[in-house]
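What follows is model-v1.txt (compact mmCIF, C-alpha atoms).
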```txt
# COMPACT_ATOMS: atom_id res chain seq x y z
CA MET C 1 111.57 92.19 80.96
CA ASN C 2 109.22 91.95 77.99
CA ASN C 3 110.33 95.30 76.59
CA LYS C 4 114.00 94.36 77.12
CA GLN C 5 114.79 97.27 79.47
CA ALA C 6 116.24 94.82 82.01
CA GLU C 7 117.94 91.45 81.90
CA ILE C 8 117.45 90.58 85.57
CA GLY C 9 115.17 91.78 88.34
CA ILE C 10 114.71 91.01 92.02
CA CYS C 11 111.30 90.62 93.61
CA SER C 12 109.27 88.27 95.73
CA THR C 13 107.77 85.20 94.10
CA ASP C 14 104.17 86.34 94.57
CA ILE C 15 104.89 89.61 92.75
CA ALA C 16 106.74 87.68 90.01
CA TYR C 17 103.68 85.45 89.64
CA ASP C 18 101.47 88.54 89.36
CA ALA C 19 103.69 89.82 86.57
CA LEU C 20 103.58 86.46 84.82
CA VAL C 21 99.77 86.27 84.81
CA GLY C 22 99.09 90.00 84.32
CA ALA C 23 97.67 90.97 87.71
CA GLU C 24 95.55 94.06 88.29
CA TRP C 25 98.55 96.29 89.11
CA ASN C 26 100.06 95.31 85.76
CA LYS C 27 96.81 96.19 83.95
CA GLY C 28 96.46 92.69 82.53
CA LYS C 29 99.80 92.85 80.68
CA LYS C 30 101.49 89.47 81.06
CA GLN C 31 105.25 89.44 81.52
CA GLU C 32 105.73 86.12 79.78
CA ASN C 33 109.53 86.19 79.77
CA VAL C 34 109.82 86.11 83.59
CA ARG C 35 111.60 83.06 85.04
CA ALA C 36 112.83 82.36 88.55
CA MET C 37 116.58 81.94 88.91
CA ALA C 38 116.96 81.56 92.67
CA VAL C 39 114.95 81.78 95.88
CA PHE C 40 116.76 83.75 98.57
CA ASP C 41 114.45 83.07 101.51
CA SER C 42 110.91 82.13 102.36
CA ASN C 43 108.27 84.83 102.21
CA VAL C 44 107.31 85.46 105.83
CA ILE C 45 105.19 88.39 106.92
CA GLN C 46 104.86 89.30 110.55
CA PHE C 47 102.04 91.33 112.05
CA TYR C 48 102.52 93.42 115.16
CA THR C 49 99.93 95.13 117.34
CA ASN C 50 99.97 97.23 120.45
CA ARG C 51 99.17 95.04 123.45
CA ARG C 52 96.38 97.45 124.44
CA SER C 53 94.69 97.22 121.02
CA GLY C 54 92.80 94.06 121.98
CA ILE C 55 93.76 92.45 118.65
CA THR C 56 94.65 88.80 119.20
CA THR C 57 93.70 87.27 115.83
CA PHE C 58 93.91 88.42 112.21
CA LYS C 59 90.15 88.98 112.12
CA GLY C 60 90.64 91.32 115.07
CA ILE C 61 91.68 94.07 112.65
CA ASN C 62 88.04 94.48 111.56
CA GLY C 63 87.20 98.17 111.94
CA LYS C 64 90.73 99.03 113.10
CA SER C 65 93.16 101.47 111.54
CA ILE C 66 96.12 99.58 110.05
CA ASN C 67 99.38 100.45 108.29
CA PRO C 68 100.24 97.70 105.80
CA SER C 69 103.56 99.30 104.78
CA ARG C 70 104.40 101.25 101.65
CA ALA C 71 101.66 101.24 99.00
CA LYS C 72 102.02 98.37 96.51
CA SER C 73 104.90 96.86 98.49
CA ASN C 74 104.98 93.10 99.00
CA CYS C 75 103.51 93.42 102.51
CA ASP C 76 100.76 95.73 101.28
CA THR C 77 99.90 93.41 98.39
CA ILE C 78 99.71 90.29 100.56
CA LEU C 79 97.74 92.04 103.30
CA ARG C 80 95.18 93.32 100.77
CA ARG C 81 94.76 89.78 99.44
CA LEU C 82 94.37 88.35 102.93
CA ILE C 83 91.69 90.84 103.96
CA LYS C 84 89.78 90.12 100.76
CA VAL C 85 89.96 86.32 101.08
CA LEU C 86 89.23 86.33 104.83
CA ASP C 87 86.50 88.99 104.51
CA VAL C 88 88.18 91.30 107.01
CA LYS C 89 87.37 95.01 106.76
CA PRO C 90 89.85 97.29 108.49
CA GLN C 91 88.94 100.95 108.88
CA ARG C 92 91.68 101.94 106.43
```
Please go through the file and, once you have read it, give me the structure as structure tokens.
Amino acid sequence: MNNKQAEIGICSTDIAYDALVGAEWNKGKKQENVRAMAVFDSNVIQFYTNRRSGITTFKGINGKSINPSRAKSNCDTILRRLIKVLDVKPQR
């Protein structure tokens, strides 16, 4: 947006906020011209486990192998923030 290569973009609000404040993935470069036009739906992330995994809480992923989705996707970004804030350390 700042370099005028696009007039409109679609993303989740947390990623838009990251762009606005210059998050780590944006190397500190603030996208100051970003404004929300519409919210399409709430940002809900669902976690699924195999019943035999023994995981019954979020902290249950400590030491477990997880697949947070495509790298740098919305799900991946939110999951990485959650594990940092909640001090959870999955295997990978």
Subject >> Nearest-residue call for Leu86 (chain C), choices C:Ile66, C:Ala6, C:Ile61, C:Val39, using only C-alpha atoms >> reply: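 Closest to Leu86 (chain C) of all the choices is C:Ile61.
Distance-wise, CA of Ala38 (chain C) and CA of Leu20 (chain C) end up 16.3 Å apart.
The smallest atom-to-atom distance between Lys84 (chain C) and any of C:Phe40, C:Asn62, C:Ala19, C:Ser69, using only C-alpha atoms, is found for C:Asn62.
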**OP:** Please determine the residues with any atom at most 7 Å from (100.9, 96.2, 112.5) (coordinates as given in the file, with only C-alpha atoms counting) and report them as number ranges by chain.
**Re:** C: 47-49, 66-68
**OP:** Counting only C-alpha atoms, figure out which residue out of C:Arg70, C:Ser65, C:Thr77, C:Ser53 gets nearest to Lys89 (chain C).
**Re:**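 Of all the options, C:Ser65 lies closest to Lys89 (chain C).
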**OP:** Grab the CA of Gly9 (chain C) to CA of Asn74 (chain C) distance for me, in Å with one decimal place.
**Re:** 14.8 Å
Original post:
Pick from C:Pro90, C:Ile10, C:Arg80, C:Lys72: nearest to Trp25 (chain C), with all atoms listed in the file counted?
Top reply: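 Nearest to Trp25 (chain C): C:Lys72.
The nearest approach to Gly60 (chain C) among the residues C:Val88, C:Ala23, C:Met37, C:Cys11, with all atoms listed in the file taken into account, belongs to C:Val88.
Candidate residues C:Asn26, C:Gln5, C:Gln46, C:Arg35 were compared for distance to Cys75 (chain C), and the nearest is C:Gln46, using all atoms listed in the file.
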